[in-house]
$ cat work.txt   # compact mmCIF, C-alpha atoms and all ligand atoms
# COMPACT_ATOMS: atom_id res chain seq x y z
CA MET A 1 3.70 -15.41 27.50
CA ASN A 2 0.86 -13.07 28.42
CA CYS A 3 -2.35 -12.16 26.56
CA LYS A 4 -0.87 -9.02 25.05
CA GLU A 5 2.13 -10.78 23.58
CA LEU A 6 -0.16 -13.44 22.25
CA ALA A 7 -2.40 -10.91 20.52
CA TYR A 8 0.53 -9.44 18.64
CA MET A 9 1.84 -12.82 17.52
CA LEU A 10 -1.40 -14.07 16.07
CA ALA A 11 -0.55 -13.26 12.46
CA ASP A 12 2.32 -15.76 12.36
CA TYR A 13 0.31 -18.23 14.40
CA CYS A 14 -2.58 -18.13 11.94
CA ASN A 15 -0.54 -18.47 8.78
CA GLY A 16 1.52 -21.29 10.23
CA LEU A 17 4.82 -19.42 10.05
CA MET A 18 5.48 -19.55 13.75
CA ASP A 19 8.55 -21.13 15.27
CA PRO A 20 7.39 -24.49 16.75
CA ARG A 21 8.69 -23.73 20.28
CA LEU A 22 6.86 -20.41 20.35
CA ARG A 23 3.80 -22.08 19.00
CA GLU A 24 3.84 -24.59 21.81
CA GLU A 25 4.12 -21.80 24.35
CA LEU A 26 1.23 -20.05 22.73
CA ASP A 27 -0.91 -23.21 22.74
CA VAL A 28 -0.22 -23.69 26.46
CA HIS A 29 -1.47 -20.16 27.14
CA LEU A 30 -4.53 -20.64 24.91
CA ALA A 31 -5.52 -23.83 26.72
CA LYS A 32 -5.79 -22.06 30.06
CA CYS A 33 -6.98 -18.61 29.00
CA GLU A 34 -10.57 -18.29 27.86
CA PRO A 35 -10.44 -14.68 26.62
CA CYS A 36 -7.39 -15.46 24.47
CA MET A 37 -9.09 -18.51 23.01
CA ALA A 38 -12.10 -16.43 22.01
CA PHE A 39 -9.83 -13.66 20.75
CA THR A 40 -7.82 -16.08 18.63
CA LYS A 41 -10.86 -17.80 17.16
CA THR A 42 -12.53 -14.53 16.24
CA PHE A 43 -9.27 -13.19 14.82
CA GLN A 44 -8.98 -16.27 12.64
CA ALA A 45 -12.61 -15.93 11.58
CA THR A 46 -11.95 -12.29 10.59
CA CYS A 47 -8.97 -13.26 8.44
CA GLU A 48 -10.93 -16.10 6.91
CA LYS A 49 -13.86 -13.85 6.03
CA THR A 50 -11.64 -11.24 4.39
CA ARG A 51 -9.89 -13.94 2.42
CA LYS A 52 -13.22 -15.27 1.14
CA LEU A 53 -14.31 -11.76 0.29
CA ARG A 54 -11.16 -11.25 -1.72
CA GLU A 55 -11.92 -14.34 -3.76
CA GLU A 56 -15.38 -13.02 -4.48
CA ILE A 57 -14.67 -9.45 -5.44
CA GLU A 58 -12.79 -8.95 -8.61
CA TYR A 59 -13.89 -5.69 -10.10
CA ALA A 60 -14.28 -6.63 -13.73
CA ILE A 61 -13.50 -3.68 -15.89
CA PRO A 62 -16.82 -2.71 -17.54
CA PRO A 63 -16.68 -2.91 -21.38
CA ASP A 64 -17.43 0.80 -21.89
CA VAL A 65 -14.71 1.82 -19.42
CA CYS A 66 -12.32 -0.53 -21.14
CA GLU A 67 -13.12 0.94 -24.55
CA ARG A 68 -12.77 4.55 -23.42
CA LEU A 69 -9.51 3.78 -21.64
CA GLU A 70 -8.03 2.09 -24.70
CA THR A 71 -9.07 4.91 -27.01
CA PHE A 72 -7.69 7.52 -24.65
CA VAL A 73 -4.36 5.83 -24.01
CA ARG A 74 -3.81 4.92 -27.67
CA SER A 75 -4.50 8.39 -28.96
CA ALA A 76 -2.39 9.99 -26.25
CA ALA A 77 0.43 7.56 -27.02
CA LEU A 78 0.26 8.45 -30.72
CA LYS A 79 0.85 12.08 -29.91
CA TYR A 80 3.59 11.09 -27.54
CA PRO A 81 6.64 11.16 -29.85
CA GLU A 82 6.01 14.83 -30.70
CA LYS A 83 5.85 15.61 -27.06
CA VAL A 84 8.81 13.60 -25.88
CA GLU A 85 11.10 16.60 -25.54
CA GLU A 86 8.42 18.57 -23.78
CA TYR A 87 7.84 15.76 -21.28
CA ARG A 88 11.53 15.30 -20.62
CA ASP A 89 11.93 19.00 -19.92
CA GLN A 90 8.97 18.84 -17.58
CA VAL A 91 10.40 15.84 -15.73
CA GLU A 92 13.75 17.59 -15.44
CA ARG A 93 12.16 20.81 -14.15
CA ASP A 94 10.11 18.88 -11.58
CA ARG A 95 13.24 17.13 -10.40
CA ARG A 96 15.25 20.31 -10.07
CA GLU A 97 12.46 21.87 -8.02
CA LYS A 98 12.17 18.83 -5.79
CA VAL A 99 15.92 18.62 -5.19
CA ALA A 100 16.00 22.34 -4.34
CA GLY A 101 13.09 21.81 -1.94
CA LEU A 102 14.85 18.90 -0.30
CA VAL A 103 18.05 20.92 0.13
CA ARG A 104 16.06 23.78 1.67
CA ALA A 105 14.26 21.43 4.06
CA ALA A 106 17.51 19.73 5.08
CA THR A 107 19.18 23.08 5.72
CA SER A 108 16.39 24.37 7.92
CA GLY A 109 15.97 21.04 9.72
CA ASN A 110 12.50 20.54 8.25
CA LEU A 111 12.85 17.05 6.82
CA SER A 112 9.92 14.78 7.55
CA SER A 113 10.77 11.88 9.84
CA ALA A 114 10.41 9.40 6.96
CA MET A 115 12.84 11.39 4.81
CA ALA A 116 15.27 11.99 7.67
CA LEU A 117 15.37 8.26 8.30
CA LEU A 118 16.02 7.44 4.65
CA ALA A 119 18.71 10.10 4.42
CA GLU A 120 20.36 8.92 7.60
CA SER A 121 20.59 5.29 6.53
CA HIS A 122 21.79 6.33 3.07
CA CYS A 123 24.48 8.62 4.50
CA ALA A 124 25.76 5.83 6.69
CA ALA A 125 26.78 4.04 3.50
CA CYS A 126 27.60 6.98 1.23
CA PRO A 127 30.45 9.28 2.29
CA GLU A 128 29.78 11.77 -0.49
CA CYS A 129 26.20 12.41 0.61
CA ARG A 130 27.17 12.36 4.27
CA GLU A 131 29.67 15.11 3.65
CA TYR A 132 27.10 17.09 1.69
CA PHE A 133 24.43 16.83 4.41
CA ASP A 134 26.95 17.66 7.13
CA ALA A 135 28.00 20.77 5.24
CA LEU A 136 24.36 21.84 4.86
CA ARG A 137 23.69 21.50 8.56
CA ASN A 138 26.90 23.20 9.63
CA THR A 139 26.72 26.24 7.43
CA GLY A 140 22.96 26.60 7.80
CA THR A 141 22.74 27.91 4.27
CA PRO A 142 22.25 25.87 1.14
CA GLY A 143 25.43 25.64 -0.90
CA ALA A 144 25.43 27.90 -3.92
CA GLY A 145 23.82 26.25 -6.90
CA GLU A 146 22.92 22.61 -7.21
CA PRO A 147 24.47 19.69 -5.38
CA PRO A 148 27.20 17.80 -7.27
CA GLU A 149 25.85 15.34 -9.80
CA GLY A 150 26.61 12.22 -7.74
CA VAL A 151 24.79 13.59 -4.70
CA ARG A 152 21.96 14.92 -6.85
CA SER A 153 21.21 11.51 -8.33
CA HIS A 154 21.22 9.97 -4.83
CA LEU A 155 18.85 12.66 -3.56
CA ILE A 156 16.47 11.91 -6.43
CA ALA A 157 16.63 8.18 -5.66
CA LEU A 158 15.94 8.93 -1.98
CA MET A 159 12.84 10.95 -2.81
CA GLN A 160 11.62 8.19 -5.10
CA ALA A 161 12.09 5.72 -2.28
CA LEU A 162 9.73 7.67 -0.05
CA PRO A 163 6.57 5.63 0.63
CA PRO A 164 3.46 6.81 -1.21
CA GLY A 165 1.60 9.47 0.72
CA GLU A 166 4.69 10.63 2.60
CA GLU A 167 6.21 14.08 2.02
CA PHE A 168 9.90 14.82 2.31
CA PHE A 169 9.34 17.96 4.37
CA LEU A 170 7.52 18.64 7.62
CA ALA A 171 4.08 20.09 6.94
CA MET B 172 6.61 -13.53 -8.98
CA SER B 173 6.97 -15.94 -11.89
CA THR B 174 9.94 -15.62 -14.20
CA GLU B 175 7.45 -15.67 -17.04
CA ARG B 176 5.95 -12.41 -15.87
CA TRP B 177 9.40 -10.98 -15.40
CA LYS B 178 10.36 -11.75 -18.97
CA ASP B 179 7.10 -10.35 -20.31
CA ASP B 180 7.63 -7.18 -18.33
CA GLU B 181 11.21 -6.74 -19.45
CA ALA B 182 10.24 -7.09 -23.08
CA LEU B 183 7.30 -4.77 -22.63
CA LEU B 184 9.40 -2.09 -21.00
CA GLU B 185 11.95 -2.31 -23.76
CA SER B 186 9.33 -1.90 -26.48
CA LEU B 187 7.68 0.97 -24.61
CA ARG B 188 11.01 2.74 -24.47
CA LYS B 189 11.58 2.26 -28.16
CA GLY B 190 8.05 3.36 -28.91
CA ALA B 191 7.55 0.06 -30.74
CA PRO B 192 4.19 -0.43 -32.40
CA GLY B 193 1.93 -2.58 -30.32
CA ALA B 194 3.74 -1.75 -27.07
CA VAL B 195 0.85 0.30 -25.75
CA ASP B 196 -1.63 -2.41 -26.71
CA GLU B 197 0.45 -4.96 -24.86
CA LEU B 198 0.68 -2.70 -21.83
CA LEU B 199 -3.09 -2.33 -21.81
CA ARG B 200 -3.66 -6.03 -22.35
CA LEU B 201 -1.44 -7.00 -19.43
CA TYR B 202 -2.34 -4.30 -16.97
CA GLN B 203 -5.62 -2.53 -17.57
CA GLY B 204 -7.68 -5.05 -15.62
CA LYS B 205 -5.24 -5.10 -12.71
CA ILE B 206 -4.89 -1.34 -12.57
CA PHE B 207 -8.61 -0.71 -12.75
CA ASN B 208 -9.19 -3.31 -10.04
CA LEU B 209 -6.60 -1.78 -7.75
CA ALA B 210 -7.91 1.75 -8.36
CA MET B 211 -11.44 0.55 -7.57
CA SER B 212 -10.24 -1.09 -4.35
CA ILE B 213 -8.73 2.18 -3.19
CA LEU B 214 -11.15 4.73 -4.61
CA LYS B 215 -14.42 2.75 -4.48
CA ASN B 216 -15.90 4.73 -7.32
CA GLU B 217 -16.04 3.75 -10.96
CA SER B 218 -15.55 7.11 -12.62
CA ASP B 219 -12.72 8.02 -10.23
CA ALA B 220 -11.08 4.68 -10.95
CA GLU B 221 -11.42 5.24 -14.69
CA GLU B 222 -9.74 8.64 -14.53
CA ALA B 223 -7.05 7.31 -12.24
CA ALA B 224 -6.37 4.45 -14.67
CA GLN B 225 -5.97 6.96 -17.52
CA ASP B 226 -3.47 8.93 -15.45
CA VAL B 227 -1.59 5.77 -14.51
CA PHE B 228 -1.13 4.63 -18.09
CA MET B 229 -0.08 8.09 -19.26
CA THR B 230 2.48 8.29 -16.48
CA VAL B 231 3.81 4.84 -17.33
CA ILE B 232 4.17 5.71 -21.01
CA ARG B 233 5.85 9.02 -20.26
CA LYS B 234 8.17 7.69 -17.65
CA ALA B 235 9.08 4.35 -19.26
CA ASP B 236 12.21 6.15 -20.37
CA THR B 237 13.27 7.12 -16.88
CA PHE B 238 12.30 3.87 -15.14
CA GLN B 239 15.50 2.66 -13.58
CA GLY B 240 14.84 -1.03 -13.52
CA ASN B 241 16.00 -1.43 -9.93
CA SER B 242 12.56 -2.75 -9.03
CA ALA B 243 10.26 -5.03 -10.96
CA PHE B 244 8.12 -3.36 -13.58
CA TYR B 245 4.84 -4.52 -12.02
CA SER B 246 5.80 -3.04 -8.65
CA TRP B 247 6.66 0.23 -10.35
CA ILE B 248 3.30 0.40 -12.13
CA TYR B 249 1.39 -0.60 -8.97
CA ARG B 250 3.23 2.08 -7.09
CA ILE B 251 2.30 4.69 -9.68
CA CYS B 252 -1.29 3.54 -9.32
CA VAL B 253 -1.23 3.77 -5.51
CA ASN B 254 0.31 7.25 -5.68
CA THR B 255 -2.20 8.43 -8.27
CA CYS B 256 -5.12 7.14 -6.22
CA LEU B 257 -3.83 8.64 -2.97
CA MET B 258 -3.41 12.00 -4.67
CA ARG B 259 -7.01 11.80 -5.83
CA LEU B 260 -8.22 10.90 -2.35
CA ARG B 261 -6.36 13.83 -0.92
CA GLY B 262 -7.87 16.17 -3.47
CA LYS B 263 -11.31 15.21 -2.26
CA ARG B 264 -12.82 15.84 1.05
CA ARG B 265 -13.10 12.35 2.37
CA ASN B 266 -15.26 10.95 5.07
CA GLU B 267 -13.55 11.17 8.39
CA THR B 268 -11.36 8.17 8.97
CA VAL B 269 -11.53 6.33 12.27
CA SER B 270 -8.70 6.29 14.76
CA ILE B 271 -7.35 2.76 14.73
CA GLU B 272 -6.11 3.14 18.33
CA GLU B 273 -9.67 3.03 19.63
CA PHE B 274 -10.03 -0.46 18.26
CA MET B 275 -6.84 -2.05 19.53
CA PRO B 276 -7.26 -4.68 22.25
CA VAL B 277 -6.96 -3.40 25.81
CA PHE B 278 -4.77 -5.09 28.40
CA THR B 279 -4.00 -4.67 32.08
CA ASP B 280 -0.53 -3.57 33.17
CA GLU B 281 0.31 -7.26 33.48
CA GLY B 282 -0.67 -7.79 29.85
CA MET B 283 -3.91 -9.65 30.58
CA HIS B 284 -7.23 -9.14 28.80
CA THR B 285 -9.34 -6.69 30.79
CA SER B 286 -12.69 -8.29 30.14
CA PRO B 287 -14.21 -11.57 28.99
CA MET B 288 -14.36 -12.08 25.23
CA ASP B 289 -17.26 -13.15 23.09
CA ASP B 290 -16.50 -16.04 20.80
CA TRP B 291 -18.59 -15.34 17.71
CA SER B 292 -16.46 -17.43 15.36
CA LYS B 293 -19.11 -20.17 15.00
CA GLU B 294 -21.84 -17.62 14.47
CA VAL B 295 -20.24 -16.10 11.37
CA GLU B 296 -19.90 -19.46 9.68
CA ARG B 297 -23.58 -19.27 8.78
CA ASP B 298 -23.88 -18.63 5.05
CA ALA B 299 -26.89 -16.44 5.67
CA LEU B 300 -24.55 -13.87 7.22
CA ASN B 301 -22.07 -13.77 4.35
CA GLU B 302 -23.50 -10.89 2.39
CA GLU B 303 -24.03 -8.72 5.43
CA LEU B 304 -20.55 -9.41 6.77
CA GLY B 305 -18.99 -8.71 3.39
CA ARG B 306 -20.73 -5.35 3.34
CA MET B 307 -19.57 -4.52 6.86
CA ILE B 308 -15.97 -5.55 6.17
CA ARG B 309 -15.90 -3.31 3.10
CA LYS B 310 -17.40 -0.44 5.07
CA TYR B 311 -14.92 -0.78 7.96
CA THR B 312 -12.00 -1.07 5.54
CA GLU B 313 -13.02 2.14 3.82
CA GLU B 314 -12.98 3.92 7.16
CA LEU B 315 -9.34 3.03 7.78
CA SER B 316 -6.83 5.82 7.26
CA GLU B 317 -4.81 5.70 4.03
CA LYS B 318 -1.71 4.40 5.72
CA TYR B 319 -3.44 1.18 6.77
CA ARG B 320 -5.94 0.94 3.96
CA VAL B 321 -3.34 0.83 1.20
CA VAL B 322 -1.42 -1.96 2.93
CA PHE B 323 -4.63 -3.82 3.61
CA VAL B 324 -5.83 -3.49 0.02
CA LEU B 325 -2.55 -4.70 -1.47
CA SER B 326 -2.19 -7.63 0.92
CA ASP B 327 -5.65 -8.83 1.72
CA VAL B 328 -7.58 -7.63 -1.31
CA GLU B 329 -4.99 -7.96 -4.06
CA GLY B 330 -3.46 -10.99 -2.39
CA LEU B 331 0.15 -9.78 -2.75
CA SER B 332 2.85 -11.11 -0.44
CA ASN B 333 4.33 -8.92 2.28
CA GLU B 334 7.54 -8.70 0.26
CA GLU B 335 5.70 -7.50 -2.83
CA THR B 336 3.66 -4.98 -0.86
CA ALA B 337 6.83 -3.71 0.80
CA ARG B 338 8.51 -3.25 -2.56
CA ILE B 339 5.56 -1.35 -3.99
CA LEU B 340 5.16 0.99 -1.05
CA GLY B 341 8.86 1.40 -0.31
CA LEU B 342 8.39 0.18 3.25
CA THR B 343 10.16 -2.58 5.14
CA VAL B 344 8.57 -6.02 5.49
CA PRO B 345 8.25 -5.62 9.31
CA ALA B 346 6.45 -2.30 8.77
CA ILE B 347 4.02 -3.98 6.38
CA LYS B 348 3.43 -6.85 8.80
CA SER B 349 2.77 -4.51 11.67
CA ARG B 350 0.33 -2.32 9.73
CA LEU B 351 -1.45 -5.35 8.38
CA HIS B 352 -1.75 -6.91 11.81
CA ARG B 353 -3.16 -3.72 13.27
CA ALA B 354 -5.65 -3.47 10.42
CA ARG B 355 -6.80 -7.03 11.14
CA LEU B 356 -7.04 -6.42 14.87
CA TYR B 357 -9.12 -3.37 14.05
CA LEU B 358 -11.44 -5.37 11.79
CA ARG B 359 -11.85 -8.07 14.41
CA GLU B 360 -12.88 -5.49 16.98
CA GLN B 361 -15.28 -3.72 14.59
CA LEU B 362 -16.94 -7.03 13.76
CA SER B 363 -17.18 -7.89 17.48
CA ARG B 364 -18.92 -4.62 18.20
CA TYR B 365 -21.21 -5.01 15.23
CA LEU B 366 -22.28 -8.53 16.18
CA ARG B 367 -22.74 -7.58 19.82
CA GLU B 368 -25.00 -4.69 18.91
CA GLY B 369 -26.92 -6.93 16.54
CA LYS B 370 -27.66 -9.27 19.42
CA ALA B 371 -28.62 -6.47 21.75
CA GLY B 372 -30.89 -4.88 19.16
ZN ZN C 401 -4.56 -14.81 27.62

$ encode --input "work.txt" --output "structure tokens"
Amino acid sequence: MNCKELAYMLADYCNGLMDPRLREELDVHLAKCEPCMAFTKTFQATCEKTRKLREEIEYAIPPDVCERLETFVRSAALKYPEKVEEYRDQVERDRREKVAGLVRAATSGNLSSAMALLAESHCAACPECREYFDALRNTGTPGAGEPPEGVRSHLIALMQALPPGEEFFLA
Amino acid sequence: MSTERWKDDEALLESLRKGAPGAVDELLRLYQGKIFNLAMSILKNESDAEEAAQDVFMTVIRKADTFQGNSAFYSWIYRICVNTCLMRLRGKRRNETVSIEEFMPVFTDEGMHTSPMDDWSKEVERDALNEELGRMIRKYTEELSEKYRVVFVLSDVEGLSNEETARILGLTVPAIKSRLHRARLYLREQLSRYLREGKAG
């Protein structure tokens, strides 16, 4: 084991989840390497300090914020039943737009790497979607109209699986 | 996650869907503290966190119908909160974030440390330093880019497990571990530099 390997194994070492054999190897290195010893101790101290900090800071919700929030959410929820249809339409419109955007991006090879990865692993297990994506790439033009319902629901699930902050297209 | 919480969540979701009286109150009772806390951890500003919390609850109420139940309710609501907060951050011009690469440890081609290391672990055990260190840790965390900060906040601030964080963010557990480790390496290095400068000054 060298210092670099050690540095990247410290998380498991510190939380005691390390395989005992590996741990022994690591201890042998630590005993003869001063920089690693200092690195490990200061790494542990950093984790310890953040843990303590976490125990201390709990942002209590201030009473006035709490009151405003409750009033707002309750009154909005009261109006909700009248608006249900409106909201559903909105959700459906948003979805249709997103699916169309995804199809466009896939056709022009502009999927973000996160989306491409998700799509690839999904297609490996789903023949229907694989066929659909293959057809998109081969023809170079989006198929007329919307994807078949089965594919469409998978595409929606894929977009929902995208990590927060990630787009499905290349910027 | 306790089964208790699971059951509570299931029942809550069901009553939200039906529009049962009291469902919204129950939702607020169970989650408003948690959501406000999480929004504060990400946004660091009370009025932003308040508005974000409003958005989160409205989204939850509107979408309760379409929630597919393939993940736990709490991870769904946390995820909505993270998304809402990130959208707000993006809408603002934020302070420049630091490049985490500049704070990763440096090694020779053989994988050895390039220079001697300061061991300041004993030094920071002094209680007198606690407040100052807390302030610095918060400052350095805020300077992290979103990608790392969100993982760091969920794991080290909210105290969620890697599995829970992975579920909320839709990332794999190894990806969470790696981001978290890099965030900690970064913090260690920032603290080293800070303490070294303190000594020099
Ligand atoms: Zn070493």

$ interface_residues --input "work.txt" --of "chain A" --to "chain B" --cutoff "9 Å" --atoms "only C-alpha atoms" --output "MDAnalysis selection string"
chainID A and resid 2:5 7:11 34:47 49:51 53:55 57:61 65:66 68:70 72:74 76:77 80:81 84 87:88 91 160:165

$ residues_around --input "work.txt" --residues "Cys123 (chain A)" --least-positions-apart "3" --cutoff "12 Å" --atoms "only C-alpha atoms" --output "list in words"
Met115, Ala116, Leu117, Leu118, Ala119, Glu120, Cys126, Pro127, Glu128, Cys129, Arg130, Glu131, Tyr132, Phe133, Asp134, Val151, His154, Leu155 and Leu158 of chain A

$ closest_residue --input "work.txt" --among "A:Glu86, A:Cys33, A:Pro62, A:Val103" --to "Pro147 (chain A)" --atoms "only C-alpha atoms"
A:Val103

$ atom_distance --input "work.txt" --atom1 "CA of Glu97 (chain A)" --atom2 "CA of Ser246 (chain B)"
25.8 Å

$ closest_residue --input "work.txt" --among "A:Leu78, A:Thr71, A:Ala31, A:Thr139" --to "ligand ZN 401 (chain C)" --atoms "only C-alpha atoms and all ligand atoms"
A:Ala31

$ atom_distance --input "work.txt" --atom1 "CA of Leu366 (chain B)" --atom2 "CA of Glu272 (chain B)"
20.1 Å

$ atom_distance --input "work.txt" --atom1 "CA of Asn333 (chain B)" --atom2 "CA of Ser121 (chain A)"
22.0 Å

$ closest_residue --input "work.txt" --among "B:Asp298, B:Arg350, B:Tyr249, B:Glu197" --to "Phe323 (chain B)" --atoms "all atoms listed in the file"
B:Arg350

$ residues_around --input "work.txt" --residues "Glu146 (chain A)" --least-positions-apart "3" --cutoff "12 Å" --atoms "only C-alpha atoms" --output "mmCIF file with C-alpha atoms, in the frame of the given file"
data_model
loop_
_atom_site.group_PDB
_atom_site.id
_atom_site.type_symbol
_atom_site.label_atom_id
_atom_site.label_comp_id
_atom_site.auth_asym_id
_atom_site.auth_seq_id
_atom_site.Cartn_x
_atom_site.Cartn_y
_atom_site.Cartn_z
ATOM 1 C CA ARG A 95 13.240 17.130 -10.400
ATOM 2 C CA ARG A 96 15.250 20.310 -10.070
ATOM 3 C CA GLU A 97 12.460 21.870 -8.020
ATOM 4 C CA LYS A 98 12.170 18.830 -5.790
ATOM 5 C CA VAL A 99 15.920 18.620 -5.190
ATOM 6 C CA ALA A 100 16.000 22.340 -4.340
ATOM 7 C CA GLY A 101 13.090 21.810 -1.940
ATOM 8 C CA LEU A 102 14.850 18.900 -0.300
ATOM 9 C CA VAL A 103 18.050 20.920 0.130
ATOM 10 C CA ARG A 104 16.060 23.780 1.670
ATOM 11 C CA TYR A 132 27.100 17.090 1.690
ATOM 12 C CA PRO A 142 22.250 25.870 1.140
ATOM 13 C CA GLY A 143 25.430 25.640 -0.900
ATOM 14 C CA GLU A 149 25.850 15.340 -9.800
ATOM 15 C CA GLY A 150 26.610 12.220 -7.740
ATOM 16 C CA VAL A 151 24.790 13.590 -4.700
ATOM 17 C CA ARG A 152 21.960 14.920 -6.850
ATOM 18 C CA SER A 153 21.210 11.510 -8.330
ATOM 19 C CA LEU A 155 18.850 12.660 -3.560
#
